[in-house]
Amino acid sequence: MKTLPFIKMHGLGNDYVYMDCFPKTTAEIIAKTDLPTLARAVSDRHFGIGSDGLVLILSSKEADAKMRIFNADGSEAEMCGNAIRCVAKYLYESGICRDVHMEIETLSGIRSLALHVDKEKVDLVTVNMGKPVIQPDSIQSGMDPIGYTAVNMGNPHAVFFRDTIPQLPTNTNVEFVQVRNKKELDVRVIERGSGETLACGTGACAAAVAAIYHGLTERTVTVHLPGGDLTIQWKSDLSSVFMTGTATEVFRGEYTY
């Protein structure tokens with residue numbers, strides 16, 4: 001039997017089990033562990049802790065920390081906007097990094113974050129999500145009921161502006177978007193490896209980028225997700241997308257593996 005300390009956190013209900021791998025004992029166990037199997041075990045909502053996946057918080061030679069994300073099915077993801085906000089909250093509040101401006105390494109590159117701190121607690125985090133990549137050859141008139149807009153936010157997304165669920169593209173994340181007005185979107189997300197989630201940071205960014213690209217909204221958008229709201233800004237120079245939202249700790253414990 002091995003015992004691994006964990007922290008349960010969520011960003012708008014998109015919940016993950018986080019493991020701090022800075023301590024040597026935890027790092028040594030993680031290095032010898034089948035991580036996809038561990039992710040499936042802790043994510044099980046009946047026989048495990050219950051989550052959308054597993055996040056490892058590791059040391060980095062290039063940034064303040066490194067984040068590795070495993071979905072509930074054990075597959076590894078490149079990036080997660082909700083998870084990275086929670087990692088930043090943990091790094092600051094645990095004392096690993098006490099800078100309100102920090103950088104976190106991911107499989108999709110290094111992301112810069114700005115923390116909003118109130119009474120030593122992180123309540124909001126703004127993430128520079130990087131420059132989106134839109135694939136024009138995949139766009140079928142945007143609002144067309146059989147078309148979708150492919151947006152890469154460090155991981156791939158297919159954005160549908162429609163109300164019914166079509167056959168889903170393989171190996172991607174899917175967003176279904178309803179435009180409320182020029183400043184608001186309603187979004188539901190199906191994440192690869194996890195199914196429908198209460199929120200998805202990169203998905204909210206992809207939906208906002210697609211809406212702005214098609215002229216459906218202004219450049220700053222409130223994205224309403226089942227778990228809460230995110231503020232997404234895509235500046236007029238078409239450079240980076242900025243996402244602002246909350247990060248919440250739920251509980252801590254030890255997982256016997």
# chains A, B, ... in the order shown; residues from 1 in each chain; ligands from 1

$ select_by_dssp --residues "region 5-237 of chain A" --states "alpha helix (DSSP H)" --output "number ranges by chain"
A: 24-31, 35-43, 81-93, 201-213

$ closest_atom_pairs --of "region 165-201 of chain A" --to "region 214-232 of chain A" --cutoff "8 Å" --atoms "only C-alpha atoms" --output "tab-separated table"
residue	atom	partner	partner_atom	distance
A:Val179	CA	A:Leu216	CA	7.5
A:Asn181	CA	A:Thr217	CA	7.0
A:Lys182	CA	A:Thr217	CA	4.0
A:Lys183	CA	A:Val221	CA	4.8
A:Glu184	CA	A:Thr222	CA	4.9
A:Leu185	CA	A:Val223	CA	4.9
A:Asp186	CA	A:His224	CA	4.8
A:Val187	CA	A:Leu225	CA	5.4
A:Arg188	CA	A:Leu225	CA	6.2
A:Leu198	CA	A:Gly227	CA	4.7
A:Ala199	CA	A:Leu225	CA	5.7
A:Gly201	CA	A:Leu230	CA	7.8

$ residues_around --residues "Tyr213 (chain A)" --least-positions-apart "6" --cutoff "10 Å" --atoms "only C-alpha atoms" --output "list of chain:residue names"
A:Ile134, A:Gly142, A:Thr149, A:Ala207, A:Arg219, A:Trp234, A:Leu238

$ residues_around --residues "Lys2 (chain A)" --least-positions-apart "4" --cutoff "10 Å" --atoms "only C-alpha atoms" --output "PDB file with C-alpha atoms, in the first residue's frame"
ATOM      1  CA  THR A  26       5.507  11.979  -3.204  1.00  0.00           C
ATOM      2  CA  ILE A  29       6.076   7.381  -5.598  1.00  0.00           C
ATOM      3  CA  GLU A 254      -4.668  10.907   1.731  1.00  0.00           C
ATOM      4  CA  TYR A 255      -5.344   8.387  -0.996  1.00  0.00           C
ATOM      5  CA  THR A 256      -4.364   4.773  -0.317  1.00  0.00           C
ATOM      6  CA  TYR A 257      -3.107   3.297  -3.581  1.00  0.00           C
TER       7      TYR A 257
END

$ residues_around --residues "Gly53 (chain A)" --least-positions-apart "2" --cutoff "7 Å" --atoms "only C-alpha atoms" --output "short mmCIF file (atom, residue, chain, number, x, y, z; two decimals) with C-alpha atoms, in the first residue's frame"
data_model
loop_
_atom_site.label_atom_id
_atom_site.label_comp_id
_atom_site.auth_asym_id
_atom_site.auth_seq_id
_atom_site.Cartn_x
_atom_site.Cartn_y
_atom_site.Cartn_z
CA TYR A 16 -9.68 17.52 -10.28
CA VAL A 17 -7.62 15.64 -7.73
CA ALA A 39 -5.96 8.80 -12.79
CA SER A 43 -11.43 9.89 -10.70
CA SER A 51 -13.18 13.95 -10.23
CA VAL A 55 -3.43 16.93 -11.92
CA PHE A 70 -4.74 13.19 -16.86
CA ASN A 71 -8.39 12.86 -17.83
CA ALA A 72 -10.80 10.54 -16.04
#

$ closest_residue --among "A:Asp118, A:Glu62, A:Arg68, A:Thr244" --to "Glu103 (chain A)" --atoms "only C-alpha atoms"
A:Glu62

$ residues_around --residues "Lys131 (chain A)" --least-positions-apart "2" --cutoff "9 Å" --atoms "only C-alpha atoms" --output "NGL selection string"
:A and (128-129 or 133 or 152-154 or 234 or 238-241)

$ write_last_selection --atoms "N, CA and C atoms" --output "CSV table (one decimal), in the first residue's frame"
chain,number,residue,atom,x,y,z
A,128,ASN,N,-3.1,34.0,-19.2
A,128,ASN,CA,-2.8,34.3,-20.7
A,128,ASN,C,-2.9,32.9,-21.4
A,129,MET,N,-3.9,32.7,-22.1
A,129,MET,CA,-4.1,31.4,-22.7
A,129,MET,C,-3.4,31.2,-24.0
A,133,VAL,N,-5.5,29.3,-32.5
A,133,VAL,CA,-5.3,29.0,-33.9
A,133,VAL,C,-6.7,28.5,-34.5
A,152,ASN,N,-7.9,25.9,-31.8
A,152,ASN,CA,-6.9,25.2,-30.9
A,152,ASN,C,-6.5,26.2,-29.9
A,153,MET,N,-6.7,25.9,-28.6
A,153,MET,CA,-6.3,26.7,-27.5
A,153,MET,C,-5.2,26.0,-26.7
A,154,GLY,N,-4.3,25.4,-27.4
A,154,GLY,CA,-3.3,24.5,-26.8
A,154,GLY,C,-3.8,23.1,-26.8
A,234,TRP,N,-10.4,38.6,-26.0
A,234,TRP,CA,-9.5,38.4,-27.1
A,234,TRP,C,-9.3,39.8,-27.8
A,238,LEU,N,-5.6,40.4,-32.2
A,238,LEU,CA,-5.7,39.0,-32.5
A,238,LEU,C,-4.6,38.2,-31.9
A,239,SER,N,-4.0,38.7,-30.8
A,239,SER,CA,-2.9,38.0,-30.1
A,239,SER,C,-3.5,37.0,-29.1
A,240,SER,N,-3.1,37.2,-27.8
A,240,SER,CA,-3.4,36.2,-26.8
A,240,SER,C,-4.9,36.4,-26.4
A,241,VAL,N,-5.4,35.3,-25.9
A,241,VAL,CA,-6.7,35.2,-25.2
A,241,VAL,C,-6.5,35.2,-23.7

$ atom_distance --atom1 "CA of Glu78 (chain A)" --atom2 "CA of Thr202 (chain A)"
10.5 Å

$ closest_residue --among "A:Gly203, A:Gly74, A:Gly193, A:Pro156" --to "Leu35 (chain A)" --atoms "only C-alpha atoms"
A:Gly74

$ closest_residue --among "A:Arg45, A:His116, A:His10, A:Arg111" --to "Asp99 (chain A)" --atoms "only C-alpha atoms"
A:His116

$ select_by_dssp --residues "region 61-234 of chain A" --states "strand (DSSP E or B)" --output "PyMOL selection string"
chain A and resi 65-71+76-77+101-106+109-118+121-128+133-135+149-152+156-160+173-181+184-191+195-197+220-225+228-234

$ write_last_selection --atoms "C-alpha atoms" --output "PDB file, in the first residue's frame"
ATOM      1  CA  ALA A  65       5.984  24.908 -11.635  1.00  0.00           C
ATOM      2  CA  LYS A  66       4.836  22.304 -14.126  1.00  0.00           C
ATOM      3  CA  MET A  67       1.321  20.909 -14.530  1.00  0.00           C
ATOM      4  CA  ARG A  68       0.485  17.470 -15.914  1.00  0.00           C
ATOM      5  CA  ILE A  69      -3.172  16.614 -16.498  1.00  0.00           C
ATOM      6  CA  PHE A  70      -4.743  13.189 -16.864  1.00  0.00           C
ATOM      7  CA  ASN A  71      -8.394  12.861 -17.832  1.00  0.00           C
ATOM      8  CA  GLU A  76      -3.086  12.888 -20.821  1.00  0.00           C
ATOM      9  CA  ALA A  77      -4.282  16.362 -21.833  1.00  0.00           C
ATOM     10  CA  HIS A 101       2.615  36.893 -11.314  1.00  0.00           C
ATOM     11  CA  MET A 102       3.738  33.374 -12.099  1.00  0.00           C
ATOM     12  CA  GLU A 103       4.459  31.033 -14.994  1.00  0.00           C
ATOM     13  CA  ILE A 104       3.345  27.419 -15.218  1.00  0.00           C
ATOM     14  CA  GLU A 105       4.677  24.877 -17.689  1.00  0.00           C
ATOM     15  CA  THR A 106       2.165  22.692 -19.564  1.00  0.00           C
ATOM     16  CA  GLY A 109       3.775  25.544 -23.490  1.00  0.00           C
ATOM     17  CA  ILE A 110       4.334  27.970 -20.622  1.00  0.00           C
ATOM     18  CA  ARG A 111       1.336  30.014 -19.495  1.00  0.00           C
ATOM     19  CA  SER A 112       1.550  33.329 -17.604  1.00  0.00           C
ATOM     20  CA  LEU A 113      -0.916  34.012 -14.793  1.00  0.00           C
ATOM     21  CA  ALA A 114      -1.928  37.019 -12.705  1.00  0.00           C
ATOM     22  CA  LEU A 115      -3.412  36.296  -9.272  1.00  0.00           C
ATOM     23  CA  HIS A 116      -5.974  38.460  -7.525  1.00  0.00           C
ATOM     24  CA  VAL A 117      -5.323  38.074  -3.787  1.00  0.00           C
ATOM     25  CA  ASP A 118      -7.593  39.156  -0.936  1.00  0.00           C
ATOM     26  CA  LYS A 121      -6.354  34.040  -0.341  1.00  0.00           C
ATOM     27  CA  VAL A 122      -6.497  33.798  -4.127  1.00  0.00           C
ATOM     28  CA  ASP A 123     -10.038  34.587  -5.285  1.00  0.00           C
ATOM     29  CA  LEU A 124      -9.550  35.163  -9.022  1.00  0.00           C
ATOM     30  CA  VAL A 125      -6.868  34.178 -11.530  1.00  0.00           C
ATOM     31  CA  THR A 126      -6.317  35.645 -14.995  1.00  0.00           C
ATOM     32  CA  VAL A 127      -4.555  33.331 -17.426  1.00  0.00           C
ATOM     33  CA  ASN A 128      -2.839  34.289 -20.655  1.00  0.00           C
ATOM     34  CA  VAL A 133      -5.342  28.964 -33.920  1.00  0.00           C
ATOM     35  CA  ILE A 134      -8.449  28.876 -36.111  1.00  0.00           C
ATOM     36  CA  GLN A 135      -8.540  26.336 -38.919  1.00  0.00           C
ATOM     37  CA  THR A 149     -15.372  26.023 -36.162  1.00  0.00           C
ATOM     38  CA  ALA A 150     -12.129  24.315 -35.164  1.00  0.00           C
ATOM     39  CA  VAL A 151     -10.145  26.325 -32.613  1.00  0.00           C
ATOM     40  CA  ASN A 152      -6.917  25.223 -30.942  1.00  0.00           C
ATOM     41  CA  PRO A 156      -8.232  21.026 -30.016  1.00  0.00           C
ATOM     42  CA  HIS A 157     -11.856  22.199 -29.906  1.00  0.00           C
ATOM     43  CA  ALA A 158     -14.820  21.953 -32.254  1.00  0.00           C
ATOM     44  CA  VAL A 159     -17.336  24.757 -31.667  1.00  0.00           C
ATOM     45  CA  PHE A 160     -20.937  24.244 -32.795  1.00  0.00           C
ATOM     46  CA  ASN A 173     -13.227  18.742 -27.237  1.00  0.00           C
ATOM     47  CA  VAL A 174     -16.682  19.908 -28.287  1.00  0.00           C
ATOM     48  CA  GLU A 175     -18.584  23.080 -27.370  1.00  0.00           C
ATOM     49  CA  PHE A 176     -22.254  23.788 -28.030  1.00  0.00           C
ATOM     50  CA  VAL A 177     -22.912  27.520 -27.983  1.00  0.00           C
ATOM     51  CA  GLN A 178     -25.989  29.705 -27.781  1.00  0.00           C
ATOM     52  CA  VAL A 179     -25.481  33.439 -28.291  1.00  0.00           C
ATOM     53  CA  ARG A 180     -27.439  35.452 -25.700  1.00  0.00           C
ATOM     54  CA  ASN A 181     -26.310  38.838 -26.976  1.00  0.00           C
ATOM     55  CA  GLU A 184     -22.801  36.823 -23.396  1.00  0.00           C
ATOM     56  CA  LEU A 185     -22.643  33.186 -24.476  1.00  0.00           C
ATOM     57  CA  ASP A 186     -24.191  30.035 -23.050  1.00  0.00           C
ATOM     58  CA  VAL A 187     -21.826  27.091 -23.473  1.00  0.00           C
ATOM     59  CA  ARG A 188     -21.944  23.359 -22.746  1.00  0.00           C
ATOM     60  CA  VAL A 189     -18.761  21.329 -23.107  1.00  0.00           C
ATOM     61  CA  ILE A 190     -17.989  17.688 -23.795  1.00  0.00           C
ATOM     62  CA  GLU A 191     -14.348  17.084 -22.859  1.00  0.00           C
ATOM     63  CA  GLY A 195     -17.479  13.505 -20.981  1.00  0.00           C
ATOM     64  CA  GLU A 196     -19.679  16.505 -20.261  1.00  0.00           C
ATOM     65  CA  THR A 197     -18.187  18.721 -17.552  1.00  0.00           C
ATOM     66  CA  THR A 220     -14.834  40.739 -24.213  1.00  0.00           C
ATOM     67  CA  VAL A 221     -17.417  38.068 -23.468  1.00  0.00           C
ATOM     68  CA  THR A 222     -19.009  36.542 -20.380  1.00  0.00           C
ATOM     69  CA  VAL A 223     -19.271  32.801 -20.941  1.00  0.00           C
ATOM     70  CA  HIS A 224     -22.018  31.143 -18.900  1.00  0.00           C
ATOM     71  CA  LEU A 225     -21.216  27.497 -18.135  1.00  0.00           C
ATOM     72  CA  GLY A 228     -20.469  29.344 -13.347  1.00  0.00           C
ATOM     73  CA  ASP A 229     -19.111  32.223 -15.423  1.00  0.00           C
ATOM     74  CA  LEU A 230     -15.775  33.029 -17.036  1.00  0.00           C
ATOM     75  CA  THR A 231     -14.678  36.347 -18.527  1.00  0.00           C
ATOM     76  CA  ILE A 232     -12.888  35.884 -21.852  1.00  0.00           C
ATOM     77  CA  GLN A 233     -11.058  38.693 -23.665  1.00  0.00           C
ATOM     78  CA  TRP A 234      -9.510  38.426 -27.146  1.00  0.00           C
TER      79      TRP A 234
END

$ atom_distance --atom1 "CA of Ala247 (chain A)" --atom2 "CA of Ala83 (chain A)"
8.3 Å

$ atom_distance --atom1 "CA of Phe251 (chain A)" --atom2 "CA of Met9 (chain A)"
7.3 Å

$ residues_around --residues "Gly253 (chain A)" --least-positions-apart "6" --cutoff "10 Å" --atoms "only C-alpha atoms" --output "VMD selection string"
chain A and resid 3 to 8 49

$ closest_residue --among "A:Phe161, A:Phe22, A:Phe242, A:Phe47" --to "Ser59 (chain A)" --atoms "only C-alpha atoms"
A:Phe22
